[in-house]
Structure formats: structure tokens, C-alpha cells
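Source file: protein-v9.txt (compact mmCIF, C-alpha atoms (C1' of nucleotides))
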```txt
# COMPACT_ATOMS: atom_id res chain seq x y z
CA MET G 733 -12.61 -32.85 1.85
CA ASN G 734 -15.30 -32.03 4.44
CA GLY G 735 -18.24 -33.96 3.08
CA ASN G 736 -21.59 -33.83 4.74
CA ASN G 737 -21.14 -32.18 8.12
CA ALA G 738 -23.77 -31.84 10.80
CA GLU G 739 -25.09 -28.64 9.19
CA ASN G 740 -26.46 -30.49 6.18
CA CYS G 741 -30.06 -31.39 5.92
CA ARG G 742 -30.73 -35.09 5.75
CA THR G 743 -33.77 -35.53 3.55
CA ALA G 744 -34.84 -34.65 0.02
CA CYS G 745 -32.66 -31.57 -0.05
CA PHE G 746 -29.21 -33.06 0.10
CA HIS G 747 -27.86 -34.41 -3.20
CA PRO G 748 -24.45 -36.00 -2.62
CA GLU G 749 -23.84 -36.87 -6.26
CA LEU G 750 -24.70 -33.41 -7.54
CA VAL G 751 -22.59 -31.85 -4.81
CA GLU G 752 -19.60 -33.97 -5.74
CA GLN G 753 -20.08 -33.24 -9.41
CA VAL G 754 -20.18 -29.49 -8.83
CA ARG G 755 -17.16 -29.65 -6.52
CA GLU G 756 -15.09 -31.26 -9.24
CA ALA G 757 -16.27 -28.83 -11.90
CA MET G 758 -15.33 -25.78 -9.85
CA PRO G 759 -12.02 -23.99 -10.45
CA GLY G 760 -9.22 -24.32 -7.92
CA GLU G 761 -9.05 -22.04 -4.90
CA PRO G 762 -6.24 -19.79 -6.12
CA LEU G 763 -8.10 -19.01 -9.34
CA GLN G 764 -11.31 -18.25 -7.49
CA GLY G 765 -9.39 -15.99 -5.15
CA ASP G 766 -7.92 -14.13 -8.12
CA LEU G 767 -11.36 -13.72 -9.67
CA ALA G 768 -12.86 -12.38 -6.44
CA GLN G 769 -9.95 -9.96 -6.12
CA LEU G 770 -10.46 -8.75 -9.70
CA PHE G 771 -14.12 -7.95 -9.09
CA LYS G 772 -13.39 -6.45 -5.69
CA VAL G 773 -11.05 -3.93 -7.30
CA LEU G 774 -13.65 -3.18 -9.98
CA GLY G 775 -16.30 -2.76 -7.29
CA ASP G 776 -15.61 0.76 -6.09
CA HIS G 777 -17.32 3.95 -7.18
CA THR G 778 -14.17 5.99 -7.67
CA ARG G 779 -12.36 3.23 -9.52
CA ILE G 780 -15.35 2.61 -11.80
CA ARG G 781 -15.41 6.29 -12.70
CA ILE G 782 -11.70 6.11 -13.52
CA LEU G 783 -12.28 3.07 -15.72
CA ASN G 784 -15.22 4.66 -17.50
CA ALA G 785 -13.05 7.65 -18.30
CA LEU G 786 -10.23 5.43 -19.57
CA TYR G 787 -12.78 3.46 -21.57
CA HIS G 788 -12.88 6.39 -23.98
CA SER G 789 -9.30 7.60 -23.95
CA GLU G 790 -5.83 7.20 -22.50
CA LEU G 791 -5.45 9.92 -19.85
CA CYS G 792 -2.85 11.41 -17.50
CA VAL G 793 -3.38 11.65 -13.76
CA CYS G 794 -4.01 15.35 -13.98
CA ASP G 795 -6.86 14.97 -16.47
CA LEU G 796 -8.38 12.16 -14.42
CA THR G 797 -8.20 14.35 -11.34
CA SER G 798 -10.10 17.05 -13.20
CA ILE G 799 -12.69 14.65 -14.61
CA LEU G 800 -13.42 13.10 -11.23
CA GLY G 801 -13.28 16.37 -9.28
CA MET G 802 -11.22 14.68 -6.59
CA ASN G 803 -7.83 15.48 -5.11
CA GLN G 804 -4.75 14.08 -6.78
CA SER G 805 -3.70 11.88 -3.89
CA ALA G 806 -6.95 9.95 -3.85
CA VAL G 807 -6.78 9.39 -7.60
CA SER G 808 -3.17 8.19 -7.45
CA HIS G 809 -3.98 5.80 -4.63
CA GLN G 810 -6.78 4.23 -6.66
CA LEU G 811 -4.65 4.10 -9.80
CA ARG G 812 -2.09 2.12 -7.84
CA VAL G 813 -4.76 -0.36 -6.79
CA LEU G 814 -5.90 -0.69 -10.40
CA ARG G 815 -2.34 -1.12 -11.65
CA ASP G 816 -1.49 -3.78 -9.05
CA ALA G 817 -4.60 -5.68 -10.13
CA LYS G 818 -3.51 -5.54 -13.79
CA ILE G 819 -6.64 -3.65 -14.72
CA VAL G 820 -4.88 -0.58 -16.11
CA ARG G 821 -1.46 -0.02 -17.69
CA SER G 822 0.69 3.09 -17.42
CA ARG G 823 3.46 4.62 -19.46
CA LYS G 824 5.63 7.62 -18.80
CA LEU G 825 5.66 10.56 -21.17
CA GLY G 826 7.97 13.31 -19.96
CA LYS G 827 6.78 14.45 -16.55
CA ASN G 828 3.43 12.78 -17.01
CA VAL G 829 2.11 9.25 -16.63
CA LEU G 830 -0.56 8.12 -19.06
CA TYR G 831 -3.05 5.46 -18.00
CA SER G 832 -5.18 3.15 -20.14
CA LEU G 833 -7.24 -0.02 -19.71
CA ASP G 834 -5.07 -3.13 -19.62
CA ASP G 835 -6.70 -5.29 -22.30
CA SER G 836 -9.91 -6.17 -24.10
CA HIS G 837 -11.24 -8.23 -21.16
CA ILE G 838 -11.57 -5.05 -19.11
CA PHE G 839 -13.54 -3.36 -21.87
CA ASP G 840 -15.74 -6.48 -22.08
CA LEU G 841 -16.37 -6.60 -18.32
CA ILE G 842 -17.41 -2.96 -18.23
CA ARG G 843 -19.65 -3.32 -21.27
CA VAL G 844 -21.36 -6.51 -20.08
CA GLY G 845 -21.74 -5.07 -16.60
CA PHE G 846 -23.51 -2.03 -17.99
CA GLU G 847 -25.78 -4.20 -20.10
CA HIS G 848 -26.80 -6.04 -16.94
CA VAL G 849 -27.52 -3.00 -14.76
CA GLN G 850 -29.39 -1.29 -17.60
CA GLU G 851 -31.64 -4.28 -18.17
CA GLY G 852 -32.52 -4.28 -14.47
CA LYS G 853 -33.91 -0.75 -15.25
CA MET K 591 -19.44 21.33 -13.20
CA ASN K 592 -16.14 21.79 -11.36
CA GLY K 593 -13.78 22.43 -14.23
CA ASN K 594 -10.11 23.03 -13.66
CA ASN K 595 -9.59 23.54 -9.97
CA ALA K 596 -6.34 24.50 -8.25
CA GLU K 597 -5.27 20.85 -8.15
CA ASN K 598 -4.85 20.67 -11.91
CA CYS K 599 -1.51 21.06 -13.54
CA ARG K 600 -1.16 24.06 -15.79
CA THR K 601 1.17 23.00 -18.57
CA ALA K 602 1.42 20.29 -21.18
CA CYS K 603 -0.51 17.85 -19.06
CA PHE K 604 -3.92 19.43 -18.88
CA HIS K 605 -6.14 18.89 -21.94
CA PRO K 606 -9.44 20.75 -21.46
CA GLU K 607 -10.97 19.59 -24.71
CA LEU K 608 -10.20 15.94 -24.10
CA VAL K 609 -11.43 16.24 -20.53
CA GLU K 610 -14.70 17.75 -21.68
CA GLN K 611 -15.10 15.13 -24.38
CA VAL K 612 -14.57 12.28 -21.92
CA ARG K 613 -16.93 13.86 -19.40
CA GLU K 614 -19.72 13.92 -21.94
CA ALA K 615 -19.05 10.37 -23.09
CA MET K 616 -19.22 8.96 -19.55
CA PRO K 617 -22.44 7.36 -18.27
CA GLY K 618 -24.54 9.19 -15.70
CA GLU K 619 -23.77 8.93 -11.99
CA PRO K 620 -26.62 6.57 -11.07
CA LEU K 621 -25.57 4.07 -13.74
CA GLN K 622 -21.96 4.19 -12.64
CA GLY K 623 -23.04 3.65 -9.07
CA ASP K 624 -25.08 0.62 -10.12
CA LEU K 625 -22.10 -0.81 -12.00
CA ALA K 626 -19.76 -0.31 -9.04
CA GLN K 627 -22.32 -1.97 -6.79
CA LEU K 628 -22.62 -4.94 -9.15
CA PHE K 629 -18.87 -5.54 -9.15
CA LYS K 630 -18.63 -4.95 -5.42
CA VAL K 631 -21.09 -7.75 -4.80
CA LEU K 632 -19.19 -10.00 -7.21
CA GLY K 633 -15.93 -9.13 -5.48
CA ASP K 634 -16.04 -11.40 -2.45
CA HIS K 635 -14.44 -14.80 -2.07
CA THR K 636 -17.46 -16.53 -0.59
CA ARG K 637 -19.87 -15.07 -3.12
CA ILE K 638 -17.58 -15.99 -6.03
CA ARG K 639 -17.49 -19.57 -4.80
CA ILE K 640 -21.29 -19.59 -4.62
CA LEU K 641 -21.51 -18.26 -8.18
CA ASN K 642 -18.99 -20.77 -9.48
CA ALA K 643 -21.08 -23.54 -7.99
CA LEU K 644 -24.28 -22.14 -9.50
CA TYR K 645 -22.45 -21.74 -12.82
CA HIS K 646 -22.76 -25.51 -13.21
CA SER K 647 -26.12 -26.25 -11.65
CA GLU K 648 -29.11 -24.86 -9.84
CA LEU K 649 -28.65 -25.72 -6.15
CA CYS K 650 -30.48 -25.53 -2.83
CA VAL K 651 -29.01 -23.73 0.19
CA CYS K 652 -28.19 -27.03 1.84
CA ASP K 653 -26.09 -28.26 -1.07
CA LEU K 654 -24.31 -24.91 -1.30
CA THR K 655 -23.56 -25.09 2.42
CA SER K 656 -21.99 -28.49 1.88
CA ILE K 657 -20.00 -27.43 -1.18
CA LEU K 658 -18.57 -24.36 0.54
CA GLY K 659 -18.00 -26.07 3.88
CA MET K 660 -19.46 -23.06 5.67
CA ASN K 661 -22.29 -22.69 8.13
CA GLN K 662 -25.78 -22.17 6.78
CA SER K 663 -26.23 -18.69 8.21
CA ALA K 664 -23.20 -17.31 6.41
CA VAL K 665 -24.35 -18.82 3.13
CA SER K 666 -27.88 -17.46 3.50
CA HIS K 667 -26.55 -13.99 4.28
CA GLN K 668 -24.47 -13.97 1.13
CA LEU K 669 -27.33 -15.37 -0.95
CA ARG K 670 -29.45 -12.46 0.22
CA VAL K 671 -26.78 -10.01 -0.94
CA LEU K 672 -26.61 -11.76 -4.31
CA ARG K 673 -30.39 -11.79 -4.65
CA ASP K 674 -30.74 -8.10 -3.77
CA ALA K 675 -28.13 -7.31 -6.43
CA LYS K 676 -30.10 -9.29 -9.04
CA ILE K 677 -27.18 -11.65 -9.55
CA VAL K 678 -29.01 -14.82 -8.59
CA ARG K 679 -32.66 -15.89 -8.73
CA SER K 680 -34.45 -18.18 -6.33
CA ARG K 681 -37.52 -20.37 -6.49
CA LYS K 682 -39.25 -22.38 -3.80
CA LEU K 683 -39.66 -26.10 -4.12
CA GLY K 684 -41.38 -27.59 -1.11
CA LYS K 685 -39.32 -26.82 1.97
CA ASN K 686 -36.32 -25.92 -0.13
CA VAL K 687 -35.20 -22.85 -2.05
CA LEU K 688 -33.30 -23.40 -5.28
CA TYR K 689 -30.83 -20.79 -6.45
CA SER K 690 -29.46 -20.15 -9.94
CA LEU K 691 -27.60 -17.40 -11.79
CA ASP K 692 -29.88 -14.57 -12.85
CA ASP K 693 -29.14 -14.30 -16.57
CA SER K 694 -26.54 -14.76 -19.29
CA HIS K 695 -24.67 -11.57 -18.33
CA ILE K 696 -23.62 -13.16 -15.07
CA PHE K 697 -22.29 -16.21 -16.90
CA ASP K 698 -20.44 -13.86 -19.26
CA LEU K 699 -18.91 -11.80 -16.45
CA ILE K 700 -17.61 -14.90 -14.70
CA ARG K 701 -16.23 -16.37 -17.91
CA VAL K 702 -14.51 -13.18 -19.07
CA GLY K 703 -13.17 -12.54 -15.58
CA PHE K 704 -11.59 -15.99 -15.53
CA GLU K 705 -10.07 -15.44 -18.94
CA HIS K 706 -8.44 -12.29 -17.63
CA VAL K 707 -6.97 -13.73 -14.44
CA GLN K 708 -5.76 -16.83 -16.28
CA GLU K 709 -3.92 -14.78 -18.88
CA GLY K 710 -2.17 -12.91 -16.09
CA LYS K 711 -0.78 -16.39 -15.24
C1' DT B 520 -52.31 -28.65 15.96
C1' DT B 521 -47.68 -29.69 17.06
C1' DA B 522 -43.11 -31.08 15.77
C1' DT B 523 -39.51 -30.91 12.54
C1' DC B 524 -36.87 -29.39 8.87
C1' DA B 525 -34.87 -25.83 5.57
C1' DT B 526 -34.00 -21.27 5.21
C1' DA B 527 -33.90 -16.31 6.64
C1' DT B 528 -32.74 -12.54 9.65
C1' DG B 529 -30.90 -9.27 13.54
C1' DA B 530 -27.29 -7.82 16.52
C1' DG B 531 -22.52 -7.48 17.52
C1' DC B 532 -17.67 -7.78 16.66
C1' DA B 533 -13.40 -8.05 14.11
C1' DG B 534 -11.05 -7.07 10.03
C1' DA B 535 -10.73 -4.49 5.76
C1' DT B 536 -10.57 -0.09 3.01
C1' DA B 537 -11.18 4.80 0.89
C1' DT B 538 -10.12 9.28 1.85
C1' DT B 539 -7.30 13.13 3.69
C1' DC B 540 -3.03 15.35 5.02
C1' DA B 541 1.67 15.69 4.72
C1' DT B 542 5.63 14.53 2.40
C1' DA B 543 8.66 12.04 -0.99
C1' DT B 544 10.25 10.96 -5.65
C1' DG B 545 11.76 12.03 -10.07
C1' DA B 546 11.83 14.19 -14.49
C1' DA B 547 12.32 18.67 -17.15
C1' DC B 548 13.93 23.20 -17.57
C1' DC B 549 16.53 27.35 -15.86
C1' DG I 1143 23.55 22.47 -9.69
C1' DG I 1144 18.73 23.98 -8.04
C1' DT I 1145 13.73 24.80 -8.94
C1' DT I 1146 9.31 23.56 -10.46
C1' DC I 1147 5.92 20.52 -11.76
C1' DA I 1148 3.44 15.90 -12.01
C1' DT I 1149 2.86 11.92 -9.63
C1' DA I 1150 3.49 8.57 -5.77
C1' DT I 1151 3.40 7.10 -1.03
C1' DG I 1152 2.83 6.61 4.35
C1' DA I 1153 0.13 7.20 8.28
C1' DA I 1154 -4.14 8.00 10.50
C1' DT I 1155 -9.03 7.86 10.70
C1' DA I 1156 -13.80 6.95 9.81
C1' DT I 1157 -16.72 3.88 7.43
C1' DC I 1158 -18.06 -0.31 5.75
C1' DT I 1159 -18.58 -5.43 5.56
C1' DG I 1160 -18.47 -10.59 6.47
C1' DC I 1161 -18.83 -13.89 9.93
C1' DT I 1162 -20.89 -15.94 14.23
C1' DC I 1163 -24.49 -16.72 17.45
C1' DA I 1164 -29.09 -16.81 18.54
C1' DT I 1165 -33.59 -16.73 16.97
C1' DA I 1166 -37.48 -16.24 13.60
C1' DT I 1167 -40.22 -17.73 9.62
C1' DG I 1168 -42.62 -20.80 6.86
C1' DA I 1169 -43.60 -25.13 4.82
C1' DT I 1170 -44.27 -30.20 5.51
C1' DA I 1171 -45.67 -34.20 7.91
C1' DA I 1172 -47.44 -36.59 11.93
```
For the file at hand, write its structure as C-alpha cells.
Amino acid sequence: MNGNNAENCRTACFHPELVEQVREAMPGEPLQGDLAQLFKVLGDHTRIRILNALYHSELCVCDLTSILGMNQSAVSHQLRVLRDAKIVRSRKLGKNVLYSLDDSHIFDLIRVGFEHVQEGK
Amino acid sequence: MNGNNAENCRTACFHPELVEQVREAMPGEPLQGDLAQLFKVLGDHTRIRILNALYHSELCVCDLTSILGMNQSAVSHQLRVLRDAKIVRSRKLGKNVLYSLDDSHIFDLIRVGFEHVQEGK
DNA sequence: TTATCATATGAGCAGATATTCATATGAACC
DNA sequence: GGTTCATATGAATATCTGCTCATATGATAA
């Protein structure tokens, strides 16, 4: 679309063929937006703690509140964000709502992420 | 540390043993902070586009600027964030600086993330 | 050295977001 | 029905963050 604008350098650095090749290999905008949104939701301290708890067991809001040591409203707000992003599932059980990780991809992302930060020492 | 505070429910919902078990299984605070930080840096539209470009080839700042259609300052700022987070590496080559993904974990995270958002249709 | 090119950085602003407080919903039990 | 308990939600605020503009750095070439 917008090829080489005035910002581009004009000598050895600029590789039009490579640029075009990479452009075509890249996923479409909507998919990239979805991916960024997924990681953005994962990228919060409170939500990561929630996910690490759910990594080990399905839990109700009350137990999560206790584990995190936060007030219930804050936890529920973050659970809503995680649910909207299809990162956790919920099911009702009497008065309670039980939360769990949505699917194996979420387990994988958390595991691989930890491997990376642990290697960085 | 802060066990069952006044916020917790007092009936069928609260499971002290499970809560304690999950607490012990969870990673330490610094590690969880590192993980949240990793995902936070991944969770930005511009940075995801940069990473998707680098997924296919090592690239200089100028080529990235052209691929993204953004001004060079914005791209450099985001590259600094990615470098600080150990998500990309850089090496000098004459006047240029070539960027690439840091290691296989980053490739894995992008791939698994895409699998997840694509399944969600 | 001086000029030029590629990249990096600092300050400032505009938009996004996590928490708190107060309140609403909705199911279970009396 | 009405009450209690577990969870959800709306509004407000304080903090954070990405972009732009201007400028700095650092390497190459003349």
C-alpha cells in the first residue's frame, strides 16, 4: 500500500524485495489485532496471578479472592476481562461460579512464557 | 500470609485446603511479575506487527519502518521496549542495526497465540 | 575533519486501564 | 414471599503508555 515513503533510507539498508516478501508473509490485520489483544490481556500482574492459580485447579471467585489477597470486586473485574478474551471459562454451581483455563493453548502460553523468563535468569 | 479475610465467603464456597495447596504450587512473586511483563510487552499492536515481520526474517530498522508504514522514531521506541524485555536481539552491521527474534520461545509464543485466536474464529 | 545517513532518545500530550467504592443481580434457603 | 450469600457491574480516579516532535549519537564516506 504505502511503499517507500520519505522516511526510508535510500542506500544499502533498504531492501524492497525482502520488504515485499515479508509483507505478503505476514498475517492479516484483524488476526494481528486479535493476537495483540490476547497478549495484552495476559500482560497484567493480577490477571497472571489468577491464571497461575487456575493453572493448578478450577476455582470459585471466593477462593481466588483469598489466594490473591485482593477485594472481590477487583477480582471479578479481571475475571470478566479474561472471560471476554476467551482465556478462561466459567460454569455455575449453585450460588458459586467456578473458573478454569479455557483450553490447552493457555496452558502452553503460560508454560512457554515461564521457560523464557526463567532462562533470562 | 493473609489467609481468610472478611471478604471471603463462609459456606460451601471457601475451600481452605485447596486454597493452601494452590498457593504453594504457584510460582514466586518475582517470576510472576516477569511473566506479566513479558506478555505486557507482547500485547501491543505495533510490537506484534514488528514481531510478525521478524518472524520471517531478520530486518533493519529502515525496512521495519517501511513494512509498518510508521515513522522511524515510533519504531525505534518500540524496538527498545522489545530489546529491554529480551524479546528481540540486535546486531550492528555498518551503519545499520539488524533485529531478530531472541530465541525459540518467542517463535513458540507467537505460533501458539495465533492458534488460539484462530480457533476462536 | 566535515557532511551525511541510520538509528536512538527525551519531553510532552492524549488515550487507555486497574483499582476502589457503592450498588445491582440472582440463586438458595427460611 | 423475603433474606442471605456469592458474584457482577458502573462510575470515578490515579497511573501508565504509545505516539509525535525535536534532537542526539555514532558510523561511514568525502
query: What does the distance between C1' of DC1163 in chain I and CA of His667 in chain K come to in Å, to one decimal place?
result: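 So the answer is 13.6 Å.
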task: Kindly provide, as a count of residues only, the residues of chain K having any atom no farther than 7 Å from an atom of chain I, counting all atoms listed in the file.
output: 3
- prompt: Separation of CA of Leu632 in chain K and CA of Phe771 in chain G, in Å?
  reply: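 Between CA of Leu632 in chain K and CA of Phe771 in chain G the gap is 5.8 Å.
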With chain B as the partner and 8 Å as the cut-off, tabulate the residues of chain K that qualify, each row holding the nearest pair of atoms and their distance in Å to one decimal, using all atoms listed in the file, sorted by chain and rising number, as a Markdown table.
```
| residue | atom | partner | partner_atom | distance |
| --- | --- | --- | --- | --- |
| K:Val651 | CA | B:DT526 | C1' | 7.5 |
| K:Cys652 | CA | B:DA525 | C1' | 7.7 |
| K:Ser666 | CA | B:DA527 | C1' | 6.9 |
| K:Lys685 | CA | B:DA525 | C1' | 5.8 |
| K:Asn686 | CA | B:DA525 | C1' | 5.9 |
| K:Val687 | CA | B:DT526 | C1' | 7.5 |
```
Sorted by chain and rising residue number, list the residues of chain G at most 7 Å from chain K (counting only C-alpha atoms), each with its closest atom pair and distance in Å to one decimal, as CSV.
```
residue,atom,partner,partner_atom,distance
G:Asn734,CA,K:Gly659,CA,6.6
G:Gly735,CA,K:Ser656,CA,6.7
G:Asn736,CA,K:Ser656,CA,6.1
G:Glu739,CA,K:Asn661,CA,6.7
G:Asn740,CA,K:Cys652,CA,5.8
G:Cys741,CA,K:Cys652,CA,6.3
G:Cys745,CA,K:Cys652,CA,6.6
G:Phe746,CA,K:Asp653,CA,5.8
G:His747,CA,K:Asp653,CA,6.7
G:Val751,CA,K:Asp653,CA,6.3
G:Val754,CA,K:Ala643,CA,6.1
G:Arg755,CA,K:Ile657,CA,6.4
G:Met758,CA,K:Asn642,CA,6.2
G:Gln764,CA,K:Ile638,CA,6.8
G:Gly765,CA,K:His635,CA,6.0
G:Asp766,CA,K:Val707,CA,6.4
G:Leu767,CA,K:Phe704,CA,6.3
G:Ala768,CA,K:Gly633,CA,4.6
G:Gln769,CA,K:Gly633,CA,6.1
G:Leu770,CA,K:Gly633,CA,6.9
G:Phe771,CA,K:Gly633,CA,4.2
G:Lys772,CA,K:Gly633,CA,3.7
G:Leu774,CA,K:Phe629,CA,5.8
G:Gly775,CA,K:Lys630,CA,3.7
G:Asp776,CA,K:Ala626,CA,5.2
G:His777,CA,K:Ala626,CA,5.2
G:Ile780,CA,K:Ala626,CA,6.0
G:Arg781,CA,K:Gln622,CA,6.9
G:Asn784,CA,K:Met616,CA,6.2
G:Ala785,CA,K:Val612,CA,6.1
G:His788,CA,K:Val612,CA,6.5
G:Cys794,CA,K:Asn598,CA,5.8
G:Asp795,CA,K:Phe604,CA,5.9
G:Ser798,CA,K:Asn594,CA,6.0
G:Ile799,CA,K:Val609,CA,6.3
G:Gly801,CA,K:Asn592,CA,6.5
G:Asn803,CA,K:Glu597,CA,6.7
G:Gln804,CA,K:Glu597,CA,6.9
G:Asn828,CA,K:Cys603,CA,6.7
G:His837,CA,K:His706,CA,6.1
G:Leu841,CA,K:Leu699,CA,6.1
G:Val844,CA,K:His695,CA,6.3
G:Gly845,CA,K:Leu625,CA,6.3
G:Phe846,CA,K:Leu625,CA,6.3
G:His848,CA,K:His695,CA,6.1
G:Val849,CA,K:Asp624,CA,6.4
```
Can you move chain G onto chain K by a least-squares fit over all C-alpha atoms paired in order, then give me the moved copy as an mmCIF file with C-alpha atoms, in the coordinates of the input?
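As written to disk, result-v9.cif reads:
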```
data_model
loop_
_atom_site.group_PDB
_atom_site.id
_atom_site.type_symbol
_atom_site.label_atom_id
_atom_site.label_comp_id
_atom_site.auth_asym_id
_atom_site.auth_seq_id
_atom_site.Cartn_x
_atom_site.Cartn_y
_atom_site.Cartn_z
ATOM 1 C CA MET G 733 -19.455 21.374 -13.230
ATOM 2 C CA ASN G 734 -16.153 21.868 -11.368
ATOM 3 C CA GLY G 735 -13.793 22.552 -14.228
ATOM 4 C CA ASN G 736 -10.135 23.082 -13.649
ATOM 5 C CA ASN G 737 -9.608 23.530 -9.925
ATOM 6 C CA ALA G 738 -6.377 24.481 -8.231
ATOM 7 C CA GLU G 739 -5.268 20.829 -8.152
ATOM 8 C CA ASN G 740 -4.829 20.679 -11.913
ATOM 9 C CA CYS G 741 -1.482 21.034 -13.498
ATOM 10 C CA ARG G 742 -1.148 24.011 -15.777
ATOM 11 C CA THR G 743 1.209 22.983 -18.546
ATOM 12 C CA ALA G 744 1.429 20.279 -21.195
ATOM 13 C CA CYS G 745 -0.468 17.807 -19.065
ATOM 14 C CA PHE G 746 -3.872 19.396 -18.882
ATOM 15 C CA HIS G 747 -6.096 18.871 -21.934
ATOM 16 C CA PRO G 748 -9.361 20.771 -21.467
ATOM 17 C CA GLU G 749 -10.919 19.605 -24.722
ATOM 18 C CA LEU G 750 -10.153 15.944 -24.123
ATOM 19 C CA VAL G 751 -11.398 16.243 -20.559
ATOM 20 C CA GLU G 752 -14.673 17.752 -21.700
ATOM 21 C CA GLN G 753 -15.068 15.142 -24.395
ATOM 22 C CA VAL G 754 -14.552 12.286 -21.949
ATOM 23 C CA ARG G 755 -16.907 13.876 -19.417
ATOM 24 C CA GLU G 756 -19.700 13.932 -21.961
ATOM 25 C CA ALA G 757 -19.044 10.378 -23.107
ATOM 26 C CA MET G 758 -19.219 8.973 -19.588
ATOM 27 C CA PRO G 759 -22.434 7.388 -18.294
ATOM 28 C CA GLY G 760 -24.533 9.222 -15.730
ATOM 29 C CA GLU G 761 -23.780 8.926 -12.030
ATOM 30 C CA PRO G 762 -26.632 6.586 -11.116
ATOM 31 C CA LEU G 763 -25.579 4.074 -13.764
ATOM 32 C CA GLN G 764 -21.963 4.185 -12.661
ATOM 33 C CA GLY G 765 -23.070 3.672 -9.086
ATOM 34 C CA ASP G 766 -25.092 0.627 -10.128
ATOM 35 C CA LEU G 767 -22.125 -0.798 -12.017
ATOM 36 C CA ALA G 768 -19.775 -0.313 -9.064
ATOM 37 C CA GLN G 769 -22.329 -1.967 -6.790
ATOM 38 C CA LEU G 770 -22.638 -4.935 -9.164
ATOM 39 C CA PHE G 771 -18.892 -5.552 -9.154
ATOM 40 C CA LYS G 772 -18.642 -4.947 -5.423
ATOM 41 C CA VAL G 773 -21.118 -7.757 -4.798
ATOM 42 C CA LEU G 774 -19.218 -10.011 -7.209
ATOM 43 C CA GLY G 775 -15.959 -9.124 -5.470
ATOM 44 C CA ASP G 776 -16.070 -11.397 -2.449
ATOM 45 C CA HIS G 777 -14.455 -14.792 -2.052
ATOM 46 C CA THR G 778 -17.470 -16.541 -0.576
ATOM 47 C CA ARG G 779 -19.880 -15.070 -3.095
ATOM 48 C CA ILE G 780 -17.605 -15.985 -6.012
ATOM 49 C CA ARG G 781 -17.501 -19.570 -4.789
ATOM 50 C CA ILE G 782 -21.301 -19.583 -4.626
ATOM 51 C CA LEU G 783 -21.511 -18.239 -8.171
ATOM 52 C CA ASN G 784 -18.997 -20.745 -9.492
ATOM 53 C CA ALA G 785 -21.073 -23.531 -8.003
ATOM 54 C CA LEU G 786 -24.275 -22.132 -9.514
ATOM 55 C CA TYR G 787 -22.454 -21.728 -12.815
ATOM 56 C CA HIS G 788 -22.742 -25.490 -13.224
ATOM 57 C CA SER G 789 -26.103 -26.230 -11.664
ATOM 58 C CA GLU G 790 -29.123 -24.864 -9.843
ATOM 59 C CA LEU G 791 -28.632 -25.712 -6.155
ATOM 60 C CA CYS G 792 -30.450 -25.522 -2.814
ATOM 61 C CA VAL G 793 -28.991 -23.766 0.205
ATOM 62 C CA CYS G 794 -28.166 -27.047 1.846
ATOM 63 C CA ASP G 795 -26.060 -28.266 -1.077
ATOM 64 C CA LEU G 796 -24.289 -24.916 -1.298
ATOM 65 C CA THR G 797 -23.536 -25.103 2.405
ATOM 66 C CA SER G 798 -21.966 -28.510 1.871
ATOM 67 C CA ILE G 799 -19.991 -27.432 -1.194
ATOM 68 C CA LEU G 800 -18.559 -24.375 0.529
ATOM 69 C CA GLY G 801 -17.970 -26.079 3.886
ATOM 70 C CA MET G 802 -19.414 -23.067 5.669
ATOM 71 C CA ASN G 803 -22.262 -22.702 8.135
ATOM 72 C CA GLN G 804 -25.755 -22.188 6.803
ATOM 73 C CA SER G 805 -26.211 -18.714 8.226
ATOM 74 C CA ALA G 806 -23.204 -17.306 6.420
ATOM 75 C CA VAL G 807 -24.341 -18.824 3.132
ATOM 76 C CA SER G 808 -27.879 -17.468 3.510
ATOM 77 C CA HIS G 809 -26.570 -14.008 4.312
ATOM 78 C CA GLN G 810 -24.485 -13.976 1.137
ATOM 79 C CA LEU G 811 -27.333 -15.386 -0.941
ATOM 80 C CA ARG G 812 -29.463 -12.483 0.223
ATOM 81 C CA VAL G 813 -26.805 -10.030 -0.916
ATOM 82 C CA LEU G 814 -26.626 -11.763 -4.294
ATOM 83 C CA ARG G 815 -30.406 -11.806 -4.649
ATOM 84 C CA ASP G 816 -30.776 -8.115 -3.756
ATOM 85 C CA ALA G 817 -28.179 -7.320 -6.416
ATOM 86 C CA LYS G 818 -30.132 -9.311 -9.029
ATOM 87 C CA ILE G 819 -27.202 -11.630 -9.549
ATOM 88 C CA VAL G 820 -29.022 -14.829 -8.596
ATOM 89 C CA ARG G 821 -32.677 -15.893 -8.724
ATOM 90 C CA SER G 822 -34.459 -18.210 -6.311
ATOM 91 C CA ARG G 823 -37.529 -20.384 -6.455
ATOM 92 C CA LYS G 824 -39.241 -22.400 -3.781
ATOM 93 C CA LEU G 825 -39.644 -26.139 -4.119
ATOM 94 C CA GLY G 826 -41.373 -27.640 -1.099
ATOM 95 C CA LYS G 827 -39.292 -26.867 1.970
ATOM 96 C CA ASN G 828 -36.293 -25.952 -0.126
ATOM 97 C CA VAL G 829 -35.183 -22.873 -2.031
ATOM 98 C CA LEU G 830 -33.291 -23.415 -5.262
ATOM 99 C CA TYR G 831 -30.817 -20.791 -6.444
ATOM 100 C CA SER G 832 -29.461 -20.144 -9.936
ATOM 101 C CA LEU G 833 -27.597 -17.396 -11.793
ATOM 102 C CA ASP G 834 -29.898 -14.568 -12.842
ATOM 103 C CA ASP G 835 -29.148 -14.300 -16.566
ATOM 104 C CA SER G 836 -26.560 -14.755 -19.288
ATOM 105 C CA HIS G 837 -24.695 -11.548 -18.342
ATOM 106 C CA ILE G 838 -23.634 -13.157 -15.070
ATOM 107 C CA PHE G 839 -22.294 -16.199 -16.888
ATOM 108 C CA ASP G 840 -20.450 -13.844 -19.270
ATOM 109 C CA LEU G 841 -18.915 -11.782 -16.452
ATOM 110 C CA ILE G 842 -17.622 -14.877 -14.694
ATOM 111 C CA ARG G 843 -16.240 -16.361 -17.900
ATOM 112 C CA VAL G 844 -14.527 -13.165 -19.066
ATOM 113 C CA GLY G 845 -13.189 -12.548 -15.579
ATOM 114 C CA PHE G 846 -11.602 -15.981 -15.520
ATOM 115 C CA GLU G 847 -10.093 -15.446 -18.948
ATOM 116 C CA HIS G 848 -8.457 -12.284 -17.630
ATOM 117 C CA VAL G 849 -6.997 -13.734 -14.424
ATOM 118 C CA GLN G 850 -5.772 -16.828 -16.271
ATOM 119 C CA GLU G 851 -3.960 -14.779 -18.887
ATOM 120 C CA GLY G 852 -2.190 -12.869 -16.115
ATOM 121 C CA LYS G 853 -0.783 -16.361 -15.206
#
```
Interatomic distance (Å, one decimal) between CA of Tyr689 in chain K and CA of Pro620 in chain K: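 Computing the Euclidean distance for CA of Tyr689 in chain K and CA of Pro620 in chain K yields 28.1 Å.
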